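Q: My structure file structure16.cif, mmCIF, C-alpha atoms, is below:
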data_run
loop_
_atom_site.label_atom_id
_atom_site.label_comp_id
_atom_site.auth_asym_id
_atom_site.auth_seq_id
_atom_site.Cartn_x
_atom_site.Cartn_y
_atom_site.Cartn_z
CA LYS A 1027 22.00 16.63 -1.57
CA GLN A 1028 18.36 15.74 -1.18
CA SER A 1029 17.70 12.62 -3.16
CA ALA A 1030 15.53 9.54 -2.78
CA ASP A 1031 18.60 7.38 -2.12
CA THR A 1032 19.84 9.76 0.56
CA TYR A 1033 16.53 9.68 2.41
CA ALA A 1034 16.32 5.90 2.05
CA LEU A 1035 19.80 5.54 3.53
CA LYS A 1036 18.81 7.86 6.36
CA GLY A 1037 15.67 5.78 6.94
CA ASN A 1038 17.73 2.60 7.10
CA ALA A 1039 20.12 4.16 9.62
CA LEU A 1040 17.26 5.46 11.75
CA TYR A 1041 15.61 2.03 11.69
CA ARG A 1042 18.83 0.44 12.94
CA LEU A 1043 18.96 3.05 15.70
CA GLU A 1044 15.39 1.99 16.61
CA LYS A 1045 14.02 5.43 15.80
CA TYR A 1046 11.09 3.96 13.95
CA PRO A 1047 8.84 7.01 13.46
CA ASP A 1048 11.81 8.94 12.03
CA ALA A 1049 12.72 5.98 9.83
CA VAL A 1050 9.18 5.88 8.44
CA ALA A 1051 9.26 9.62 7.70
CA ALA A 1052 12.62 9.36 5.92
CA VAL A 1053 11.58 6.41 3.77
CA GLN A 1054 8.26 8.03 2.89
CA LYS A 1055 10.18 11.15 1.84
CA ALA A 1056 12.48 8.94 -0.29
CA LYS A 1057 9.48 7.35 -1.97
CA SER A 1058 7.98 10.77 -2.69
CA LEU A 1059 11.12 11.87 -4.54
CA THR A 1060 11.11 9.11 -7.14
CA ASP A 1061 8.75 7.20 -9.37
CA GLN A 1062 10.89 4.06 -8.98
CA PRO A 1063 11.18 3.29 -5.25
CA LYS A 1064 13.31 0.27 -4.38
CA PRO A 1065 11.65 -2.82 -2.86
CA ASP A 1066 13.98 -2.78 0.15
CA TRP A 1067 12.58 0.60 1.14
CA ASP A 1068 9.26 -1.11 1.74
CA GLN A 1069 11.03 -3.63 3.96
CA ILE A 1070 12.26 -0.78 6.16
CA LEU A 1071 8.73 0.62 6.34
CA ILE A 1072 7.22 -2.77 7.15
CA ALA A 1073 9.79 -3.50 9.84
CA SER A 1074 9.42 -0.04 11.36
CA TYR A 1075 5.64 -0.23 11.50
CA PHE A 1076 5.88 -3.77 12.89
CA ALA A 1077 8.29 -2.63 15.61
CA MET A 1078 5.83 0.12 16.58
CA ASP A 1079 2.95 -2.43 16.68
CA LYS A 1080 1.27 -0.60 13.81
CA TYR A 1081 0.18 -3.80 12.14
CA ASP A 1082 -2.45 -2.18 9.90
CA ASP A 1083 0.15 0.16 8.40
CA ALA A 1084 2.67 -2.68 8.06
CA ALA A 1085 0.05 -4.83 6.35
CA LYS A 1086 -0.86 -2.10 3.84
CA VAL A 1087 2.75 -1.69 2.76
CA ALA A 1088 3.38 -5.45 2.72
CA GLU A 1089 0.22 -6.20 0.75
CA ALA A 1090 1.13 -3.58 -1.85
CA ALA A 1091 4.62 -5.06 -2.15
CA LEU A 1092 3.15 -8.57 -2.42
CA ALA A 1093 0.80 -7.41 -5.17
CA LYS A 1094 3.88 -6.34 -7.17
CA ASP A 1095 5.75 -9.58 -6.42
CA PRO A 1096 3.13 -12.30 -5.73
CA ASN A 1097 5.61 -15.19 -5.92
CA ASN A 1098 7.89 -13.80 -3.22
CA ALA A 1099 7.58 -16.47 -0.51
CA LYS A 1100 9.49 -14.46 2.09
CA LEU A 1101 7.28 -11.43 1.60
CA LEU A 1102 4.16 -13.59 1.72
CA MET A 1103 5.26 -15.08 5.05
CA ASN A 1104 6.01 -11.56 6.34
CA VAL A 1105 2.43 -10.55 5.56
CA VAL A 1106 1.18 -13.69 7.32
CA GLN A 1107 3.29 -12.84 10.38
CA ILE A 1108 1.88 -9.33 10.46
CA TYR A 1109 -1.66 -10.69 10.45
CA MET A 1110 -0.79 -13.29 13.08
CA ASN A 1111 0.59 -10.63 15.41
CA ALA A 1112 -2.50 -8.53 14.85
CA HIS A 1113 -4.67 -11.61 15.61
CA GLU A 1114 -6.28 -11.29 12.19
CA TYR A 1115 -6.30 -15.01 11.50
CA ASP A 1116 -9.06 -14.71 8.92
CA LYS A 1117 -6.61 -12.69 6.80
CA ALA A 1118 -3.57 -14.86 7.55
CA LEU A 1119 -5.16 -18.19 6.67
CA PRO A 1120 -6.00 -17.47 3.00
CA LEU A 1121 -2.40 -16.37 2.48
CA LEU A 1122 -1.15 -19.53 4.18
CA GLU A 1123 -3.47 -21.59 1.98
CA ARG A 1124 -2.10 -19.83 -1.08
CA ALA A 1125 1.45 -20.53 0.06
CA ARG A 1126 0.62 -24.18 0.77
CA ALA A 1127 -1.08 -24.63 -2.61
CA SER A 1128 1.92 -23.20 -4.44
CA GLY A 1129 4.44 -25.28 -2.47
CA GLN A 1130 5.91 -22.27 -0.64
CA ILE A 1131 5.49 -23.82 2.81
CA THR A 1132 8.35 -26.20 3.28
CA ASP A 1133 8.85 -26.38 7.04
CA GLU A 1134 7.06 -28.39 9.69
CA ALA A 1135 6.54 -25.46 12.07
CA THR A 1136 4.54 -23.46 9.52
CA TYR A 1137 2.37 -26.46 8.64
CA VAL A 1138 1.69 -27.29 12.29
CA ASN A 1139 1.01 -23.66 13.18
CA MET A 1140 -1.43 -23.40 10.30
CA ALA A 1141 -3.24 -26.52 11.49
CA LYS A 1142 -3.31 -25.18 15.05
CA LEU A 1143 -4.76 -21.92 13.79
CA TYR A 1144 -7.64 -23.74 12.13
CA TYR A 1145 -8.07 -25.92 15.21
CA ASN A 1146 -8.10 -22.96 17.60
CA MET A 1147 -10.66 -21.18 15.45
CA ALA A 1148 -12.82 -24.32 15.61
CA VAL A 1149 -12.45 -24.49 19.40
CA ASP A 1150 -13.46 -20.82 19.61
CA GLY A 1151 -16.70 -21.70 17.84
CA LYS A 1152 -15.89 -20.20 14.45
CA ASP A 1153 -17.39 -22.77 12.08
CA PRO A 1154 -16.12 -25.65 14.27
CA LYS A 1155 -16.65 -28.59 11.95
CA THR A 1156 -15.21 -26.91 8.85
CA ASN A 1157 -12.19 -25.45 10.63
CA ALA A 1158 -11.50 -28.67 12.51
CA LEU A 1159 -11.56 -30.60 9.22
CA LYS A 1160 -9.25 -28.02 7.66
CA ALA A 1161 -6.84 -28.49 10.58
CA ALA A 1162 -6.86 -32.24 9.98
CA GLN A 1163 -6.37 -31.76 6.23
CA VAL A 1164 -3.35 -29.52 6.79
CA VAL A 1165 -1.75 -32.10 9.09
CA GLN A 1166 -2.46 -34.91 6.64
CA ASP A 1167 -1.13 -32.89 3.72
CA GLY A 1168 2.05 -32.06 5.61
CA MET A 1169 2.55 -35.70 6.58
CA ALA A 1170 1.88 -36.90 3.03
CA LYS A 1171 4.55 -34.51 1.74
CA GLY A 1172 6.98 -35.63 4.45
CA VAL A 1173 7.16 -32.13 5.90
CA ILE A 1174 5.32 -33.00 9.12
CA LYS A 1175 7.07 -35.83 10.92
CA PRO A 1176 5.01 -38.52 12.59
CA GLY A 1177 4.99 -38.02 16.33
CA SER A 1178 2.69 -37.99 19.33
CA ASP A 1179 2.05 -34.23 19.26
CA ASN A 1180 1.19 -34.21 15.56
CA TYR A 1181 -1.01 -37.31 15.83
CA LYS A 1182 -2.76 -35.80 18.86
CA LEU A 1183 -3.49 -32.63 16.89
CA LEU A 1184 -4.84 -34.74 14.02
CA GLY A 1185 -7.00 -36.86 16.34
CA ASP A 1186 -8.27 -33.83 18.27
CA ALA A 1187 -9.20 -32.10 15.02
CA TYR A 1188 -11.18 -35.10 13.79
CA LEU A 1189 -12.85 -35.46 17.19
CA LEU A 1190 -13.89 -31.80 17.18
CA ALA A 1191 -15.20 -32.23 13.64
CA GLY A 1192 -17.33 -35.16 14.83
CA ASP A 1193 -15.47 -37.84 12.86
CA ILE A 1194 -14.92 -40.34 15.67
CA ALA A 1195 -13.68 -43.10 13.33
CA LYS A 1196 -10.80 -40.98 12.03
CA ALA A 1197 -10.10 -39.55 15.50
CA ASN A 1198 -9.15 -43.02 16.79
#
What do you get writing this file as structure tokens?
A:
Amino acid sequence: KQSADTYALKGNALYRLEKYPDAVAAVQKAKSLTDQPKPDWDQILIASYFAMDKYDDAAKVAEAALAKDPNNAKLLMNVVQIYMNAHEYDKALPLLERARASGQITDEATYVNMAKLYYNMAVDGKDPKTNALKAAQVVQDGMAKGVIKPGSDNYKLLGDAYLLAGDIAKAN
């Protein structure tokens, strides 16, 4: 029987068999057969596109899903990861800022990576002072919340960010 659920199941199986183009086709067929597609179908699409390095397609599906469920922290971080892999940091950072502002970033690695992203953008000459200061602010925010642990690497990042921003007093 041809039904949306049947095609979605087929898409899931094909994804697990690493037949990503076929998985995408099956899930898209499933979505075309119903006006109430299930959110996990989008996850199969996102993962399939991601596995094929089709980050633009993955981002479109993920952004649409995020628009329907804006408080879904896992989905938000998936969208960020898609943009990171596509080297579209200018799209990843606003989402990370949104997640940080709403308390959805709770691990040190994400905080530090966010700060490093701002720092690297500053080093690359993209608004150096502003991005370096943003890097420092992210580190300080993470430390103030107890998420970023004091340590030589984190203090070095903080000092380097202030130095790049031209704030020698805070860099010391």
Q: Starting from the PyMOL selection byres ((chain A and resi 1046) around 12), expand the selection into actual residues of this file and give them as a list in words.
A: Lys1036, Gly1037, Asn1038, Ala1039, Leu1040, Tyr1041, Arg1042, Leu1043, Glu1044, Lys1045, Pro1047, Asp1048, Ala1049, Val1050, Ala1051, Ala1052, Val1053, Ile1070, Leu1071, Ile1072, Ala1073, Ser1074, Tyr1075, Phe1076, Ala1077, Met1078, Asp1079 and Lys1080 of chain A
Q: Extract, using only C-alpha atoms, all DNA, RNA and protein residues at most 7 Å from Ala1030 in chain A, discarding same-chain residues fewer than 5 positions from it, and format them as a PDB file with C-alpha atoms, in the coordinates of the input.
A:
ATOM      1  CA  ALA A1056      12.480   8.940  -0.290  1.00  0.00           C
ATOM      2  CA  LYS A1057       9.480   7.350  -1.970  1.00  0.00           C
ATOM      3  CA  LEU A1059      11.120  11.870  -4.540  1.00  0.00           C
ATOM      4  CA  THR A1060      11.110   9.110  -7.140  1.00  0.00           C
TER       5      THR A1060
END
Q: Output the residue selection produced by the PyMOL selection byres ((chain A and resi 1096-1105) around 9) on the file above, formatted as a PyMOL selection string.
A: chain A and resi 1069+1072+1084-1085+1088-1089+1091-1095+1106-1110+1118+1121-1122+1125+1128+1130-1131
Q: In Å, how far is it from CA of Asp1133 in chain A to CA of Tyr1145 in chain A?
A: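 Interatomic distance, CA of Asp1133 in chain A to CA of Tyr1145 in chain A: 18.8 Å.
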Q: Considering all atoms listed in the file, can you say which of A:Met1169, A:Ile1174, A:Ala1161, A:Ile1194 comes closest to Ala1148 in chain A?
A: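 Looking only at the distances to Ala1148 in chain A, the closest residue turns out to be A:Ala1161.
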Q: CA of Leu1190 in chain A to CA of Leu1143 in chain A: how many Å, to one decimal?
A: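 It comes out at 13.9 Å.
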Q: Could you please determine the separation between CA of Thr1156 in chain A and CA of Lys1117 in chain A in Å, to one decimal place?
A: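 Between these atoms lies a distance of 16.7 Å.
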Q: Out of A:Asp1068, A:Tyr1115, A:Lys1152, A:Leu1183, which residue has the shortest atom-to-atom distance to Asp1083 in chain A when counting only C-alpha atoms?
A: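 Answer, going by the shortest atom-to-atom distance: A:Asp1068.
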Q: Measuring atom to atom with only C-alpha atoms, identify which of A:Lys1055, A:Lys1171, A:Lys1182, A:Lys1064 is nearest to Arg1126 in chain A.
A: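 Of A:Lys1055, A:Lys1171, A:Lys1182, A:Lys1064, the one nearest Arg1126 in chain A, counting only C-alpha atoms, is A:Lys1171.
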Q: Determine, counting only C-alpha atoms, which protein, DNA and RNA residues have an atom within 9 Å of an atom of Lys1160 in chain A; residues of the same chain fewer than 3 positions away are not included. Present the result as an mmCIF file with C-alpha atoms, in the coordinates of the input.
A:
data_model
loop_
_atom_site.group_PDB
_atom_site.id
_atom_site.type_symbol
_atom_site.label_atom_id
_atom_site.label_comp_id
_atom_site.auth_asym_id
_atom_site.auth_seq_id
_atom_site.Cartn_x
_atom_site.Cartn_y
_atom_site.Cartn_z
ATOM 1 C CA ALA A 1141 -3.240 -26.520 11.490
ATOM 2 C CA TYR A 1144 -7.640 -23.740 12.130
ATOM 3 C CA TYR A 1145 -8.070 -25.920 15.210
ATOM 4 C CA LYS A 1155 -16.650 -28.590 11.950
ATOM 5 C CA THR A 1156 -15.210 -26.910 8.850
ATOM 6 C CA ASN A 1157 -12.190 -25.450 10.630
ATOM 7 C CA GLN A 1163 -6.370 -31.760 6.230
ATOM 8 C CA VAL A 1164 -3.350 -29.520 6.790
ATOM 9 C CA VAL A 1165 -1.750 -32.100 9.090
ATOM 10 C CA ALA A 1187 -9.200 -32.100 15.020
#
Q: Give me the box for range 1146-1157 of chain A as JSON, namely the centre and edge lengths in Å to one decimal of a box along x, y and z that holds every listed atom plus 3 Å on each side.
A:
{"center_x": -12.7, "center_y": -24.4, "center_z": 14.2, "size_x": 15.3, "size_y": 14.4, "size_z": 16.8}
Q: Do you know which residues lie at most 12 Å from (-16.6, -36.4, 13.2), with coordinates as in the file and all atoms listed in the file counted, and could you write them as JSON, numbers by chain?
A: {"A": [1154, 1155, 1156, 1158, 1159, 1162, 1184, 1185, 1186, 1187, 1188, 1189, 1190, 1191, 1192, 1193, 1194, 1195, 1196, 1197, 1198]}
Q: How would the residues just picked look written out with C-alpha atoms as a PDB file, keeping the file's coordinate frame?
A:
ATOM      1  CA  PRO A1154     -16.120 -25.650  14.270  1.00  0.00           C
ATOM      2  CA  LYS A1155     -16.650 -28.590  11.950  1.00  0.00           C
ATOM      3  CA  THR A1156     -15.210 -26.910   8.850  1.00  0.00           C
ATOM      4  CA  ALA A1158     -11.500 -28.670  12.510  1.00  0.00           C
ATOM      5  CA  LEU A1159     -11.560 -30.600   9.220  1.00  0.00           C
ATOM      6  CA  ALA A1162      -6.860 -32.240   9.980  1.00  0.00           C
ATOM      7  CA  LEU A1184      -4.840 -34.740  14.020  1.00  0.00           C
ATOM      8  CA  GLY A1185      -7.000 -36.860  16.340  1.00  0.00           C
ATOM      9  CA  ASP A1186      -8.270 -33.830  18.270  1.00  0.00           C
ATOM     10  CA  ALA A1187      -9.200 -32.100  15.020  1.00  0.00           C
ATOM     11  CA  TYR A1188     -11.180 -35.100  13.790  1.00  0.00           C
ATOM     12  CA  LEU A1189     -12.850 -35.460  17.190  1.00  0.00           C
ATOM     13  CA  LEU A1190     -13.890 -31.800  17.180  1.00  0.00           C
ATOM     14  CA  ALA A1191     -15.200 -32.230  13.640  1.00  0.00           C
ATOM     15  CA  GLY A1192     -17.330 -35.160  14.830  1.00  0.00           C
ATOM     16  CA  ASP A1193     -15.470 -37.840  12.860  1.00  0.00           C
ATOM     17  CA  ILE A1194     -14.920 -40.340  15.670  1.00  0.00           C
ATOM     18  CA  ALA A1195     -13.680 -43.100  13.330  1.00  0.00           C
ATOM     19  CA  LYS A1196     -10.800 -40.980  12.030  1.00  0.00           C
ATOM     20  CA  ALA A1197     -10.100 -39.550  15.500  1.00  0.00           C
ATOM     21  CA  ASN A1198      -9.150 -43.020  16.790  1.00  0.00           C
TER      22      ASN A1198
END
Q: So, counting all atoms listed in the file, which residue among A:Asp1167, A:Lys1142, A:Asp1082, A:Met1147 is closest to Asp1179 in chain A?
A: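 Closest to Asp1179 in chain A, using all atoms listed in the file: A:Lys1142.
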Q: Can you give me, as an NGL selection string, the residues this file yields under the PyMOL selection byres ((chain A and resi 1134) around 9)?
A: :A and (1131-1133 or 1135-1139 or 1168 or 1172-1175)
Q: Take the residues that were just selected and, keeping C-alpha atoms, output them as an mmCIF file, in the frame of the given file.
A:
data_model
loop_
_atom_site.group_PDB
_atom_site.id
_atom_site.type_symbol
_atom_site.label_atom_id
_atom_site.label_comp_id
_atom_site.auth_asym_id
_atom_site.auth_seq_id
_atom_site.Cartn_x
_atom_site.Cartn_y
_atom_site.Cartn_z
ATOM 1 C CA ILE A 1131 5.490 -23.820 2.810
ATOM 2 C CA THR A 1132 8.350 -26.200 3.280
ATOM 3 C CA ASP A 1133 8.850 -26.380 7.040
ATOM 4 C CA ALA A 1135 6.540 -25.460 12.070
ATOM 5 C CA THR A 1136 4.540 -23.460 9.520
ATOM 6 C CA TYR A 1137 2.370 -26.460 8.640
ATOM 7 C CA VAL A 1138 1.690 -27.290 12.290
ATOM 8 C CA ASN A 1139 1.010 -23.660 13.180
ATOM 9 C CA GLY A 1168 2.050 -32.060 5.610
ATOM 10 C CA GLY A 1172 6.980 -35.630 4.450
ATOM 11 C CA VAL A 1173 7.160 -32.130 5.900
ATOM 12 C CA ILE A 1174 5.320 -33.000 9.120
ATOM 13 C CA LYS A 1175 7.070 -35.830 10.920
#
